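Content type mmCIF, C-alpha atoms, from the file structure-v5.cif:
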data_my_file
loop_
_atom_site.label_atom_id
_atom_site.label_comp_id
_atom_site.auth_asym_id
_atom_site.auth_seq_id
_atom_site.Cartn_x
_atom_site.Cartn_y
_atom_site.Cartn_z
CA MET V 1 3.14 99.01 162.85
CA ALA V 2 4.07 102.58 161.91
CA ALA V 3 6.51 103.00 159.09
CA ASP V 4 10.08 103.83 160.03
CA PRO V 5 10.77 107.34 158.71
CA PHE V 6 14.46 106.45 158.39
CA ASP V 7 13.71 103.42 156.19
CA ALA V 8 15.54 103.81 152.90
CA GLY V 9 12.39 103.04 150.90
CA ALA V 10 10.60 105.50 148.69
CA GLY V 11 9.11 108.48 150.45
CA SER V 12 11.25 108.00 153.55
CA LEU V 13 13.05 110.68 155.49
CA LEU V 14 16.32 109.83 153.74
CA ARG V 15 14.97 109.77 150.18
CA GLN V 16 14.09 113.38 149.54
CA PRO V 17 14.49 115.66 146.52
CA LYS V 18 17.63 117.78 146.25
CA ALA V 19 15.52 120.87 146.92
CA VAL V 20 14.59 119.52 150.37
CA TRP V 21 18.20 118.68 151.25
CA ALA V 22 19.37 122.11 150.06
CA THR V 23 16.80 123.89 152.23
CA ALA V 24 17.44 121.60 155.21
CA GLY V 25 21.20 122.13 154.91
CA ALA V 26 20.77 125.88 154.89
CA SER V 27 18.45 125.51 157.89
CA VAL V 28 21.22 123.76 159.84
CA VAL V 29 23.50 126.75 159.28
CA ALA V 30 20.72 129.21 160.13
CA PHE V 31 20.12 127.51 163.46
CA MET V 32 23.85 127.33 164.08
CA GLY V 33 23.89 131.12 164.05
CA ILE V 34 21.83 131.28 167.26
CA GLY V 35 24.41 129.61 169.49
CA LEU V 36 27.47 130.42 167.40
CA VAL V 37 28.59 133.31 169.59
CA ASP V 38 28.15 131.47 172.89
CA PRO V 39 31.71 130.13 173.29
CA ILE V 40 33.30 133.37 172.08
CA LEU V 41 31.34 135.91 174.14
CA PRO V 42 34.22 136.39 176.62
CA SER V 43 36.67 136.61 173.70
CA ILE V 44 34.54 139.25 171.98
CA ALA V 45 34.35 141.23 175.22
CA LYS V 46 38.11 141.10 175.55
CA GLY V 47 38.80 141.84 171.87
CA LEU V 48 36.48 144.85 171.74
CA ASP V 49 37.14 146.02 175.32
CA ALA V 50 33.46 145.62 176.19
CA THR V 51 31.53 144.58 179.28
CA ALA V 52 29.41 141.45 179.57
CA SER V 53 26.20 143.46 179.35
CA GLN V 54 27.43 145.22 176.19
CA VAL V 55 28.38 141.97 174.48
CA SER V 56 25.09 140.37 175.50
CA LEU V 57 23.40 142.94 173.27
CA LEU V 58 24.46 140.63 170.41
CA PHE V 59 21.54 138.45 171.44
CA THR V 60 19.25 141.36 172.31
CA SER V 61 19.55 143.08 168.93
CA TYR V 62 19.29 139.75 167.09
CA PHE V 63 16.11 138.62 168.80
CA LEU V 64 14.48 142.04 169.04
CA ILE V 65 14.67 142.34 165.26
CA THR V 66 13.57 138.70 164.93
CA ALA V 67 10.47 139.41 167.05
CA VAL V 68 9.43 142.42 165.01
CA ALA V 69 10.26 140.64 161.75
CA MET V 70 7.72 137.94 162.59
CA LEU V 71 5.03 140.45 161.62
CA VAL V 72 6.73 140.98 158.26
CA THR V 73 7.76 137.49 157.12
CA GLY V 74 4.26 136.29 156.20
CA PHE V 75 3.52 139.64 154.52
CA VAL V 76 6.67 139.24 152.38
CA SER V 77 6.45 135.53 151.55
CA SER V 78 2.76 135.71 150.57
CA ARG V 79 3.69 138.34 147.99
CA ILE V 80 7.03 137.27 146.52
CA GLY V 81 6.85 133.51 147.16
CA GLY V 82 8.75 131.06 149.33
CA LYS V 83 11.93 130.70 147.27
CA LYS V 84 12.53 134.43 146.91
CA THR V 85 11.88 134.92 150.63
CA LEU V 86 14.44 132.21 151.47
CA LEU V 87 17.00 133.76 149.15
CA LEU V 88 16.38 137.25 150.54
CA GLY V 89 16.89 135.95 154.08
CA LEU V 90 20.05 134.03 153.11
CA ALA V 91 21.49 137.06 151.31
CA LEU V 92 20.94 139.28 154.35
CA VAL V 93 22.66 136.75 156.62
CA VAL V 94 25.65 136.48 154.25
CA VAL V 95 26.05 140.26 154.15
CA PHE V 96 25.57 141.00 157.84
CA ALA V 97 27.47 137.97 159.18
CA GLY V 98 30.40 138.97 156.99
CA LEU V 99 30.19 142.58 158.17
CA ALA V 100 30.01 141.40 161.80
CA GLY V 101 33.44 139.84 161.37
CA THR V 102 34.87 143.23 160.36
CA SER V 103 33.45 145.12 163.36
CA GLY V 104 35.74 147.58 165.09
CA SER V 105 33.46 148.21 168.05
CA VAL V 106 30.77 146.42 170.00
CA GLY V 107 28.23 148.95 168.68
CA GLN V 108 28.98 147.98 165.10
CA LEU V 109 28.81 144.29 165.95
CA VAL V 110 25.44 144.70 167.67
CA GLY V 111 24.09 146.58 164.65
CA PHE V 112 25.29 143.98 162.17
CA ARG V 113 23.87 141.22 164.37
CA ALA V 114 20.48 142.95 164.14
CA GLY V 115 20.61 142.79 160.35
CA TRP V 116 21.57 139.14 160.65
CA GLY V 117 18.46 138.59 162.79
CA LEU V 118 16.22 140.04 160.08
CA GLY V 119 17.69 137.70 157.48
CA ASN V 120 17.42 134.71 159.77
CA ALA V 121 13.77 135.50 160.56
CA LEU V 122 12.87 135.65 156.87
CA PHE V 123 14.65 132.37 156.18
CA VAL V 124 13.62 130.29 159.21
CA SER V 125 9.97 131.34 159.16
CA THR V 126 9.68 130.17 155.53
CA ALA V 127 11.93 127.09 155.53
CA LEU V 128 9.49 124.61 157.09
CA ALA V 129 6.67 125.47 154.67
CA VAL V 130 9.07 125.11 151.75
CA ILE V 131 10.41 121.76 152.99
CA VAL V 132 6.89 120.40 153.50
CA GLY V 133 5.83 121.61 150.06
CA ALA V 134 8.81 120.04 148.29
CA ALA V 135 9.22 116.84 150.34
CA ALA V 136 8.39 113.29 149.29
CA GLY V 137 6.52 110.97 151.65
CA GLY V 138 4.17 113.45 153.29
CA SER V 139 4.60 116.19 155.85
CA ALA V 140 5.57 113.92 158.78
CA ALA V 141 8.94 112.97 157.29
CA ALA V 142 9.52 116.55 156.13
CA ILE V 143 8.83 118.06 159.54
CA LEU V 144 11.03 115.46 161.23
CA LEU V 145 13.81 116.38 158.81
CA TYR V 146 13.32 120.06 159.68
CA GLU V 147 13.48 119.37 163.41
CA SER V 148 16.57 117.24 162.89
CA ALA V 149 18.16 120.19 161.09
CA LEU V 150 17.22 122.43 164.00
CA GLY V 151 18.74 120.08 166.56
CA LEU V 152 21.91 119.59 164.53
CA GLY V 153 22.29 123.34 164.07
CA MET V 154 21.75 124.12 167.75
CA ALA V 155 24.32 121.47 168.71
CA CYS V 156 26.93 122.37 166.11
CA GLY V 157 26.70 126.17 166.40
CA PRO V 158 28.68 126.38 169.67
CA LEU V 159 31.13 123.78 168.36
CA LEU V 160 31.84 125.77 165.18
CA GLY V 161 32.09 128.95 167.23
CA ALA V 162 34.68 127.29 169.46
CA LEU V 163 36.76 125.78 166.66
CA LEU V 164 36.97 128.98 164.62
CA GLY V 165 36.84 131.34 167.57
CA ASP V 166 39.89 129.85 169.24
CA ALA V 167 42.02 131.56 166.57
CA SER V 168 39.98 134.78 166.44
CA TRP V 169 36.52 135.81 167.51
CA ARG V 170 36.01 137.16 163.98
CA TYR V 171 36.35 133.82 162.18
CA PRO V 172 32.98 132.31 163.24
CA PHE V 173 31.20 135.22 161.58
CA PHE V 174 33.17 134.82 158.35
CA GLY V 175 32.57 131.05 158.49
CA THR V 176 28.83 131.52 158.82
CA ALA V 177 28.78 133.97 155.90
CA PHE V 178 30.61 131.43 153.73
CA LEU V 179 28.30 128.53 154.67
CA MET V 180 25.18 130.60 154.09
CA ALA V 181 26.55 131.66 150.70
CA VAL V 182 26.85 127.97 149.82
CA GLY V 183 23.26 127.50 151.03
CA PHE V 184 22.16 130.43 148.84
CA LEU V 185 23.68 128.76 145.76
CA CYS V 186 22.13 125.38 146.59
CA VAL V 187 18.65 126.85 147.09
CA THR V 188 19.02 128.86 143.87
CA VAL V 189 19.95 125.78 141.83
CA PHE V 190 17.82 123.02 143.36
CA LEU V 191 14.63 124.66 144.67
CA LYS V 192 11.81 125.49 142.29
CA GLU V 193 9.59 128.45 143.02
CA GLN V 194 6.82 127.54 145.46
CA PRO V 195 3.19 128.51 144.76
CA LYS V 196 2.08 131.68 146.50
CA PRO V 197 -0.72 131.46 149.10
CA ALA V 198 -4.23 132.06 147.80
CA ARG V 199 -4.66 134.86 150.35
CA ARG V 200 -2.06 137.49 151.12
CA THR V 201 -1.09 137.92 154.76
CA SER V 202 -1.40 141.40 156.23
CA LEU V 203 0.95 142.88 158.81
CA LEU V 204 -1.79 142.81 161.45
CA ASP V 205 -2.94 139.20 160.95
CA PRO V 206 -0.49 137.76 163.56
CA ILE V 207 -1.64 140.38 166.10
CA LYS V 208 -5.29 139.58 165.40
CA ALA V 209 -4.55 135.87 165.87
CA LEU V 210 -3.44 136.61 169.45
CA GLY V 211 -7.04 137.52 170.22
CA HIS V 212 -7.61 133.78 170.57
CA GLY V 213 -7.38 132.90 174.28
CA GLY V 214 -5.53 129.65 173.77
CA LEU V 215 -2.86 131.14 171.51
CA ALA V 216 -2.45 134.16 173.80
CA SER V 217 -2.01 131.82 176.78
CA ALA V 218 0.61 129.73 175.01
CA ALA V 219 2.47 132.87 173.93
CA ALA V 220 2.36 134.41 177.41
CA SER V 221 3.69 131.27 179.07
CA ALA V 222 6.38 130.91 176.38
CA PHE V 223 7.41 134.53 176.97
CA PHE V 224 8.39 133.78 180.58
CA TYR V 225 9.96 130.46 179.61
CA ASN V 226 12.07 132.12 176.92
CA TYR V 227 13.50 134.50 179.50
CA THR V 228 14.81 131.46 181.37
CA PHE V 229 16.03 129.78 178.18
CA PHE V 230 18.08 132.75 177.04
CA THR V 231 19.48 133.51 180.44
CA VAL V 232 21.09 130.08 180.19
CA LEU V 233 22.19 130.57 176.60
CA ALA V 234 23.55 134.13 176.80
CA PHE V 235 24.65 134.64 180.43
CA THR V 236 26.05 131.25 181.43
CA PRO V 237 29.21 131.53 179.24
CA PHE V 238 30.35 134.43 181.43
CA VAL V 239 29.70 132.42 184.57
CA LEU V 240 31.56 129.35 183.29
CA ASN V 241 34.44 131.57 182.09
CA MET V 242 36.06 128.81 180.05
CA THR V 243 38.17 128.72 176.91
CA PRO V 244 36.25 128.70 173.62
CA TYR V 245 37.02 124.99 173.15
CA LYS V 246 35.74 123.99 176.59
CA SER V 247 32.71 126.27 176.42
CA GLY V 248 31.93 124.97 172.95
CA ALA V 249 32.07 121.39 174.21
CA VAL V 250 29.65 122.21 177.04
CA PHE V 251 27.12 123.82 174.71
CA PHE V 252 27.57 121.08 172.12
CA ALA V 253 26.50 118.56 174.76
CA TRP V 254 23.67 120.93 175.69
CA GLY V 255 22.55 121.06 172.05
CA VAL V 256 22.68 117.28 171.66
CA LEU V 257 20.36 116.86 174.66
CA LEU V 258 18.08 119.57 173.27
CA ALA V 259 17.83 117.77 169.93
CA VAL V 260 17.28 114.30 171.40
CA PHE V 261 14.63 115.41 173.88
CA SER V 262 12.88 117.62 171.32
CA VAL V 263 12.63 115.07 168.51
CA ILE V 264 12.56 111.72 170.35
CA VAL V 265 11.70 112.06 174.05
CA ALA V 266 9.05 114.81 174.08
CA PRO V 267 6.56 113.05 171.74
CA ARG V 268 6.72 109.87 173.80
CA MET V 269 6.19 111.78 177.05
CA GLN V 270 3.23 113.61 175.54
CA GLU V 271 1.59 110.35 174.52
CA ARG V 272 2.01 108.91 177.99
CA PHE V 273 1.32 111.87 180.29
CA GLY V 274 -0.38 114.54 178.16
CA SER V 275 1.04 117.80 176.86
CA LEU V 276 0.12 120.12 179.73
CA LYS V 277 1.49 117.82 182.44
CA VAL V 278 4.71 117.35 180.52
CA LEU V 279 5.08 121.09 179.94
CA GLY V 280 4.30 122.07 183.54
CA GLY V 281 6.62 119.43 184.99
CA SER V 282 9.45 120.32 182.62
CA LEU V 283 9.18 124.02 183.48
CA VAL V 284 9.37 123.29 187.20
CA LEU V 285 12.41 121.05 186.69
CA LEU V 286 14.06 123.73 184.53
CA ALA V 287 13.45 126.29 187.29
CA ALA V 288 15.17 124.04 189.84
CA ASP V 289 18.03 123.34 187.44
CA VAL V 290 18.89 127.00 186.79
CA VAL V 291 18.79 127.90 190.48
CA VAL V 292 21.20 125.05 191.26
CA LEU V 293 23.32 126.25 188.32
CA GLY V 294 23.53 129.70 189.86
CA TYR V 295 24.48 128.53 193.37
CA GLY V 296 26.57 125.45 192.58
CA ASP V 297 30.32 125.19 192.13
CA HIS V 298 31.95 125.22 188.70
CA THR V 299 31.42 121.51 188.01
CA THR V 300 27.80 121.72 189.11
CA ALA V 301 27.26 124.73 186.84
CA ILE V 302 28.61 122.75 183.86
CA VAL V 303 26.38 119.75 184.61
CA CYS V 304 23.28 121.91 185.09
CA THR V 305 23.98 123.87 181.90
CA ILE V 306 24.13 120.64 179.90
CA LEU V 307 21.10 119.18 181.68
CA SER V 308 19.01 122.26 180.91
CA GLY V 309 19.15 121.24 177.25
CA ALA V 310 16.88 118.28 178.02
CA PHE V 311 14.17 120.45 179.61
CA ILE V 312 14.50 123.11 176.92
CA GLY V 313 14.11 120.48 174.18
CA VAL V 314 10.90 119.15 175.74
CA ASN V 315 9.50 122.64 176.29
CA ASN V 316 10.26 123.80 172.77
CA THR V 317 8.38 120.93 171.16
CA VAL V 318 5.31 121.10 173.40
CA TYR V 319 5.02 124.89 173.24
CA THR V 320 5.20 125.01 169.48
CA GLU V 321 2.70 122.22 168.97
CA LEU V 322 0.28 123.89 171.36
CA ALA V 323 0.72 127.26 169.67
CA LEU V 324 0.17 125.85 166.19
CA GLY V 325 -2.78 123.69 167.14
CA VAL V 326 -4.76 125.69 169.66
CA SER V 327 -5.75 128.51 167.31
CA ASP V 328 -8.05 128.37 164.31
CA ALA V 329 -5.78 130.82 162.46
CA PRO V 330 -3.60 129.48 159.62
CA ARG V 331 -0.45 127.92 161.03
CA PRO V 332 1.98 130.50 159.58
CA VAL V 333 -0.12 133.32 161.03
CA ALA V 334 -0.49 131.66 164.44
CA SER V 335 3.23 130.90 164.51
CA ALA V 336 4.08 134.52 163.66
CA GLY V 337 1.87 135.89 166.45
CA TYR V 338 3.21 133.40 168.97
CA ASN V 339 6.84 134.09 168.05
CA PHE V 340 6.27 137.83 168.03
CA VAL V 341 5.45 137.65 171.74
CA ARG V 342 7.99 135.13 172.94
CA TRP V 343 11.04 136.50 171.12
CA PHE V 344 10.80 139.73 173.11
CA ALA V 345 11.84 137.74 176.18
CA ALA V 346 14.76 136.30 174.22
CA ALA V 347 15.80 139.89 173.54
CA ALA V 348 15.35 141.01 177.16
CA ALA V 349 17.12 138.20 179.04
CA PRO V 350 20.64 138.62 177.56
CA TYR V 351 20.56 142.33 178.44
CA LEU V 352 18.93 142.11 181.86
CA ALA V 353 20.87 139.16 183.30
CA PRO V 354 24.27 140.95 183.34
CA LYS V 355 22.58 144.12 184.60
CA ILE V 356 20.97 142.19 187.46
CA GLU V 357 24.39 140.79 188.35
CA GLU V 358 25.81 144.34 188.43
CA TRP V 359 23.00 145.45 190.71
CA SER V 360 23.23 142.44 193.04
CA ASP V 361 25.49 139.38 192.65
CA ILE V 362 26.08 136.51 190.26
CA HIS V 363 23.43 134.26 191.85
CA VAL V 364 20.42 136.54 191.44
CA PRO V 365 20.09 136.38 187.61
CA PHE V 366 19.54 132.63 187.94
CA VAL V 367 17.01 133.09 190.73
CA VAL V 368 15.10 135.45 188.44
CA ALA V 369 15.37 132.91 185.60
CA GLY V 370 14.03 130.19 187.89
CA ALA V 371 11.14 132.44 188.88
CA THR V 372 10.19 133.19 185.28
CA ALA V 373 10.11 129.46 184.47
CA LEU V 374 7.72 128.98 187.39
CA VAL V 375 5.56 131.86 186.15
CA GLY V 376 5.40 130.10 182.79
CA ALA V 377 4.22 126.94 184.54
CA LEU V 378 1.68 128.98 186.52
CA VAL V 379 0.23 130.44 183.31
CA VAL V 380 -0.20 126.90 181.97
CA LEU V 381 -1.94 125.88 185.20
CA VAL V 382 -4.25 128.90 185.39
CA ARG V 383 -5.06 128.90 181.68
CA ARG V 384 -5.32 125.13 181.28
CA GLY V 385 -8.97 125.52 180.33
CA ALA V 386 -8.00 127.52 177.23
CA LEU V 387 -5.28 125.00 176.40
CA ALA V 388 -6.92 121.77 177.57
CA HIS V 389 -8.93 120.94 174.45
CA GLU V 390 -5.91 121.25 172.22
CA ALA V 391 -3.70 119.37 174.70
CA GLU V 392 -6.17 116.48 174.86
CA GLU V 393 -6.49 116.26 171.10
CA LEU V 394 -2.80 116.83 170.44
CA ARG V 395 -0.69 114.05 169.05
CA PRO V 396 3.02 114.55 168.53
CA ARG V 397 3.32 116.12 165.11
CA HIS V 398 6.87 117.44 165.34
CA ALA V 399 5.27 120.61 164.07
CA SER V 400 7.88 123.11 165.22
CA GLU V 401 8.28 126.06 162.92
CA ASP V 402 9.80 128.86 164.95
CA GLY V 403 13.57 128.47 164.43
CA VAL V 404 14.96 127.99 168.23
CA ALA V 405 12.30 125.38 168.74
CA VAL V 406 12.02 128.05 168.32
CA PHE V 407 14.92 128.81 168.53
CA ALA V 408 13.20 128.58 167.20
CA LYS V 409 12.09 125.76 165.51
#

Translate the structure of the given file into structure tokens.
Amino acid sequence: MAADPFDAGAGSLLRQPKAVWATAGASVVAFMGIGLVDPILPSIAKGLDATASQVSLLFTSYFLITAVAMLVTGFVSSRIGGKKTLLLGLALVVVFAGLAGTSGSVGQLVGFRAGWGLGNALFVSTALAVIVGAAAGGSAAAILLYESALGLGMACGPLLGALLGDASWRYPFFGTAFLMAVGFLCVTVFLKEQPKPARRTSLLDPIKALGHGGLASAAASAFFYNYTFFTVLAFTPFVLNMTPYKSGAVFFAWGVLLAVFSVIVAPRMQERFGSLKVLGGSLVLLAADVVVLGYGDHTTAIVCTILSGAFIGVNNTVYTELALGVSDAPRPVASAGYNFVRWFAAAAAPYLAPKIEEWSDIHVPFVVAGATALVGALVVLVRRGALAHEAEELRPRHASEDGVAVFAK
């Protein structure tokens, strides 16, 4: 019988060095930053006299910088080491999250959010490797702890945004800056410097890794899927048009489903049905869900928003494991190349969805999102030969290291 990772014995998930808990705690806050602004998007628009498409640029600037930064994170961490990279990322988040709370215009807020994205990319891309290197009990418990931090952060981000944002849309940004400052101090005190890689990573290594057909296929499919994902995350709050508290509760439930299906349900489904079948089926179901979300009444939209978290959780886990296992490139390099591609869709969707509504009506952005999920499934089907060997050999490793699942797990 497999050992229970939550057993309180030595080397279990719960008995980890302080350095691991410090890094995992900071990871929770980093992942919270992704969904933090969800419940307060309408409040920000009102407070800064901005349109939905202008406010959605908060996501676009954040993820555009995150995508480009994926080419830089390995270059930086292989030269200055894991601890210094974490601290650099945390420091940037503290500075830019704090500045975001002082913004006097939507342009300033978008710019500060971009700086926040750079810091978050440096931190999240390094955190898993640091946790694995410092953890007791092997990498399995460490990676499960990392994914648990991701799920908790994705669930609690909207909740924190709602609680603080009900008083002022500025407070969630100040709150994040404070929590990340605490994380900075904890990492400084408890984490020892990690050994540098034997080989330095160049800026072009992630691009070269995409020359592998399997990794390129996974990244291409994930690109279309991410468009769907972030249409739900960034555009739905305007459709629901609820108070910060109510919107925060909806996305908290969404985040709980995402965490449960990512960490618990997806591995079991993979073992029973195989990774490609699970991924293809989940993408089709997500496509149907977002179309119903777009055409349903208000209650239906709430239910479908929450339900999408289940499909997104499954997709995130399977995509990341495929991306990290299908290529013969080192995992950090493969992850950087994969994330470089897919985060561009996360940058595009928040901007395009409101524009599509302006050009047509409120239903069409969700039709487009449904179509992109189906395109992602089609890529998996057409390119199954490039992915099949890895999918057959794959066993659930909980090996997410992109921050959303991604987000970036």

Evaluated on this file, the PyMOL selection byres ((chain V and resi 72) around 12) picks out some residues - which ones are they, written as a PDB file with C-alpha atoms, keeping the file's coordinate frame?
ATOM      1  CA  ILE V  65      14.670 142.340 165.260  1.00  0.00           C
ATOM      2  CA  THR V  66      13.570 138.700 164.930  1.00  0.00           C
ATOM      3  CA  ALA V  67      10.470 139.410 167.050  1.00  0.00           C
ATOM      4  CA  VAL V  68       9.430 142.420 165.010  1.00  0.00           C
ATOM      5  CA  ALA V  69      10.260 140.640 161.750  1.00  0.00           C
ATOM      6  CA  MET V  70       7.720 137.940 162.590  1.00  0.00           C
ATOM      7  CA  LEU V  71       5.030 140.450 161.620  1.00  0.00           C
ATOM      8  CA  THR V  73       7.760 137.490 157.120  1.00  0.00           C
ATOM      9  CA  GLY V  74       4.260 136.290 156.200  1.00  0.00           C
ATOM     10  CA  PHE V  75       3.520 139.640 154.520  1.00  0.00           C
ATOM     11  CA  VAL V  76       6.670 139.240 152.380  1.00  0.00           C
ATOM     12  CA  SER V  77       6.450 135.530 151.550  1.00  0.00           C
ATOM     13  CA  SER V  78       2.760 135.710 150.570  1.00  0.00           C
ATOM     14  CA  ARG V  79       3.690 138.340 147.990  1.00  0.00           C
ATOM     15  CA  THR V  85      11.880 134.920 150.630  1.00  0.00           C
ATOM     16  CA  LEU V 118      16.220 140.040 160.080  1.00  0.00           C
ATOM     17  CA  GLY V 119      17.690 137.700 157.480  1.00  0.00           C
ATOM     18  CA  ALA V 121      13.770 135.500 160.560  1.00  0.00           C
ATOM     19  CA  LEU V 122      12.870 135.650 156.870  1.00  0.00           C
ATOM     20  CA  PHE V 123      14.650 132.370 156.180  1.00  0.00           C
ATOM     21  CA  SER V 125       9.970 131.340 159.160  1.00  0.00           C
ATOM     22  CA  THR V 126       9.680 130.170 155.530  1.00  0.00           C
ATOM     23  CA  ARG V 200      -2.060 137.490 151.120  1.00  0.00           C
ATOM     24  CA  THR V 201      -1.090 137.920 154.760  1.00  0.00           C
ATOM     25  CA  SER V 202      -1.400 141.400 156.230  1.00  0.00           C
ATOM     26  CA  LEU V 203       0.950 142.880 158.810  1.00  0.00           C
ATOM     27  CA  LEU V 204      -1.790 142.810 161.450  1.00  0.00           C
ATOM     28  CA  ASP V 205      -2.940 139.200 160.950  1.00  0.00           C
ATOM     29  CA  PRO V 206      -0.490 137.760 163.560  1.00  0.00           C
ATOM     30  CA  ILE V 207      -1.640 140.380 166.100  1.00  0.00           C
ATOM     31  CA  PRO V 332       1.980 130.500 159.580  1.00  0.00           C
ATOM     32  CA  VAL V 333      -0.120 133.320 161.030  1.00  0.00           C
ATOM     33  CA  ALA V 336       4.080 134.520 163.660  1.00  0.00           C
ATOM     34  CA  GLY V 337       1.870 135.890 166.450  1.00  0.00           C
ATOM     35  CA  ASN V 339       6.840 134.090 168.050  1.00  0.00           C
ATOM     36  CA  PHE V 340       6.270 137.830 168.030  1.00  0.00           C
TER      37      PHE V 340
END

Among listed residues V:Thr299, V:Ser168, V:Ser61, V:Asn226, nearest Lys46 of chain V (using all atoms listed in the file): V:Ser168

Residues near Ala22 of chain V, anyone? I mean within 8 Å using all atoms listed in the file, not counting same-chain ones fewer than 3 positions away, as a PyMOL selection string. chain V and resi 18-19+25-26+183+186-187+190-191

Taking the file above as input, evaluate the PyMOL selection byres ((chain V and resi 343) around 10) and report the hits as a ChimeraX atom specification. /V:60,62-68,70,219,222-223,226-227,230,338-342,344-348,402,404,406-408

Please produce a file of the residues just selected, as a JSON list (two decimals), keeping the file's coordinate frame, where the atoms kept are C-alpha atoms.
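Final output, saved to part.json:
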[["chain", "number", "residue", "atom", "x", "y", "z"],
["V", 60, "THR", "CA", 19.25, 141.36, 172.31],
["V", 62, "TYR", "CA", 19.29, 139.75, 167.09],
["V", 63, "PHE", "CA", 16.11, 138.62, 168.80],
["V", 64, "LEU", "CA", 14.48, 142.04, 169.04],
["V", 65, "ILE", "CA", 14.67, 142.34, 165.26],
["V", 66, "THR", "CA", 13.57, 138.70, 164.93],
["V", 67, "ALA", "CA", 10.47, 139.41, 167.05],
["V", 68, "VAL", "CA", 9.43, 142.42, 165.01],
["V", 70, "MET", "CA", 7.72, 137.94, 162.59],
["V", 219, "ALA", "CA", 2.47, 132.87, 173.93],
["V", 222, "ALA", "CA", 6.38, 130.91, 176.38],
["V", 223, "PHE", "CA", 7.41, 134.53, 176.97],
["V", 226, "ASN", "CA", 12.07, 132.12, 176.92],
["V", 227, "TYR", "CA", 13.50, 134.50, 179.50],
["V", 230, "PHE", "CA", 18.08, 132.75, 177.04],
["V", 338, "TYR", "CA", 3.21, 133.40, 168.97],
["V", 339, "ASN", "CA", 6.84, 134.09, 168.05],
["V", 340, "PHE", "CA", 6.27, 137.83, 168.03],
["V", 341, "VAL", "CA", 5.45, 137.65, 171.74],
["V", 342, "ARG", "CA", 7.99, 135.13, 172.94],
["V", 344, "PHE", "CA", 10.80, 139.73, 173.11],
["V", 345, "ALA", "CA", 11.84, 137.74, 176.18],
["V", 346, "ALA", "CA", 14.76, 136.30, 174.22],
["V", 347, "ALA", "CA", 15.80, 139.89, 173.54],
["V", 348, "ALA", "CA", 15.35, 141.01, 177.16],
["V", 402, "ASP", "CA", 9.80, 128.86, 164.95],
["V", 404, "VAL", "CA", 14.96, 127.99, 168.23],
["V", 406, "VAL", "CA", 12.02, 128.05, 168.32],
["V", 407, "PHE", "CA", 14.92, 128.81, 168.53],
["V", 408, "ALA", "CA", 13.20, 128.58, 167.20]]

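Computed from the coordinates, the atom CA of Pro365 of chain V to atom CA of Gly151 of chain V distance equals 26.7 Å.
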
Using all atoms listed in the file, the shortest atom-to-atom distance to Ile306 of chain V among V:Ala353, V:Ser53, V:Thr320, V:Leu233 belongs to V:Leu233

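Among the candidates V:Ala310, V:Val368, V:Leu322, V:Leu92, the one nearest to Val260 of chain V when counting all atoms listed in the file is V:Ala310.
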
If we count all atoms listed in the file and set the cut-off at 9 Å, which residues sit around Pro354 of chain V, ignoring sequence neighbours fewer than 6 positions away in its own chain? Please answer as an MDAnalysis selection string. chainID V and resid 52:54 56 235 362 365

Limited to C-alpha atoms, could you put the picked residues into a file as a short mmCIF file (atom, residue, chain, number, x, y, z; two decimals), keeping the file's coordinate frame?
data_model
loop_
_atom_site.label_atom_id
_atom_site.label_comp_id
_atom_site.auth_asym_id
_atom_site.auth_seq_id
_atom_site.Cartn_x
_atom_site.Cartn_y
_atom_site.Cartn_z
CA ALA V 52 29.41 141.45 179.57
CA SER V 53 26.20 143.46 179.35
CA GLN V 54 27.43 145.22 176.19
CA SER V 56 25.09 140.37 175.50
CA PHE V 235 24.65 134.64 180.43
CA ILE V 362 26.08 136.51 190.26
CA PRO V 365 20.09 136.38 187.61
#

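For the pair atom CA of Leu374 of chain V and atom CA of Phe252 of chain V, the separation is 26.3 Å.
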
Tell me which residues the PyMOL selection byres ((chain V and resi 236-246) around 9) grabs here, as a compact mmCIF listing (two decimals) with C-alpha atoms, keeping the file's coordinate frame.
# COMPACT_ATOMS: atom_id res chain seq x y z
CA ASP V 38 28.15 131.47 172.89
CA PRO V 39 31.71 130.13 173.29
CA ILE V 40 33.30 133.37 172.08
CA LEU V 41 31.34 135.91 174.14
CA PRO V 42 34.22 136.39 176.62
CA SER V 43 36.67 136.61 173.70
CA ALA V 52 29.41 141.45 179.57
CA PRO V 158 28.68 126.38 169.67
CA LEU V 159 31.13 123.78 168.36
CA GLY V 161 32.09 128.95 167.23
CA ALA V 162 34.68 127.29 169.46
CA LEU V 163 36.76 125.78 166.66
CA GLY V 165 36.84 131.34 167.57
CA ASP V 166 39.89 129.85 169.24
CA THR V 231 19.48 133.51 180.44
CA VAL V 232 21.09 130.08 180.19
CA LEU V 233 22.19 130.57 176.60
CA ALA V 234 23.55 134.13 176.80
CA PHE V 235 24.65 134.64 180.43
CA SER V 247 32.71 126.27 176.42
CA GLY V 248 31.93 124.97 172.95
CA ALA V 249 32.07 121.39 174.21
CA VAL V 250 29.65 122.21 177.04
CA PHE V 251 27.12 123.82 174.71
CA LEU V 293 23.32 126.25 188.32
CA GLY V 294 23.53 129.70 189.86
CA HIS V 298 31.95 125.22 188.70
CA ALA V 301 27.26 124.73 186.84
CA ILE V 302 28.61 122.75 183.86
CA THR V 305 23.98 123.87 181.90
CA ILE V 362 26.08 136.51 190.26

Using all atoms of segment 382-386 of chain V that appear in the file, construct an axis-aligned enclosing box with 6 Å of padding on every side and provide its centre coordinates and edge lengths in Å, rounded to one decimal, as lines of an AutoDock Vina configuration file.
center_x = -6.6
center_y = 127.0
center_z = 181.3
size_x = 16.7
size_y = 15.8
size_z = 20.2
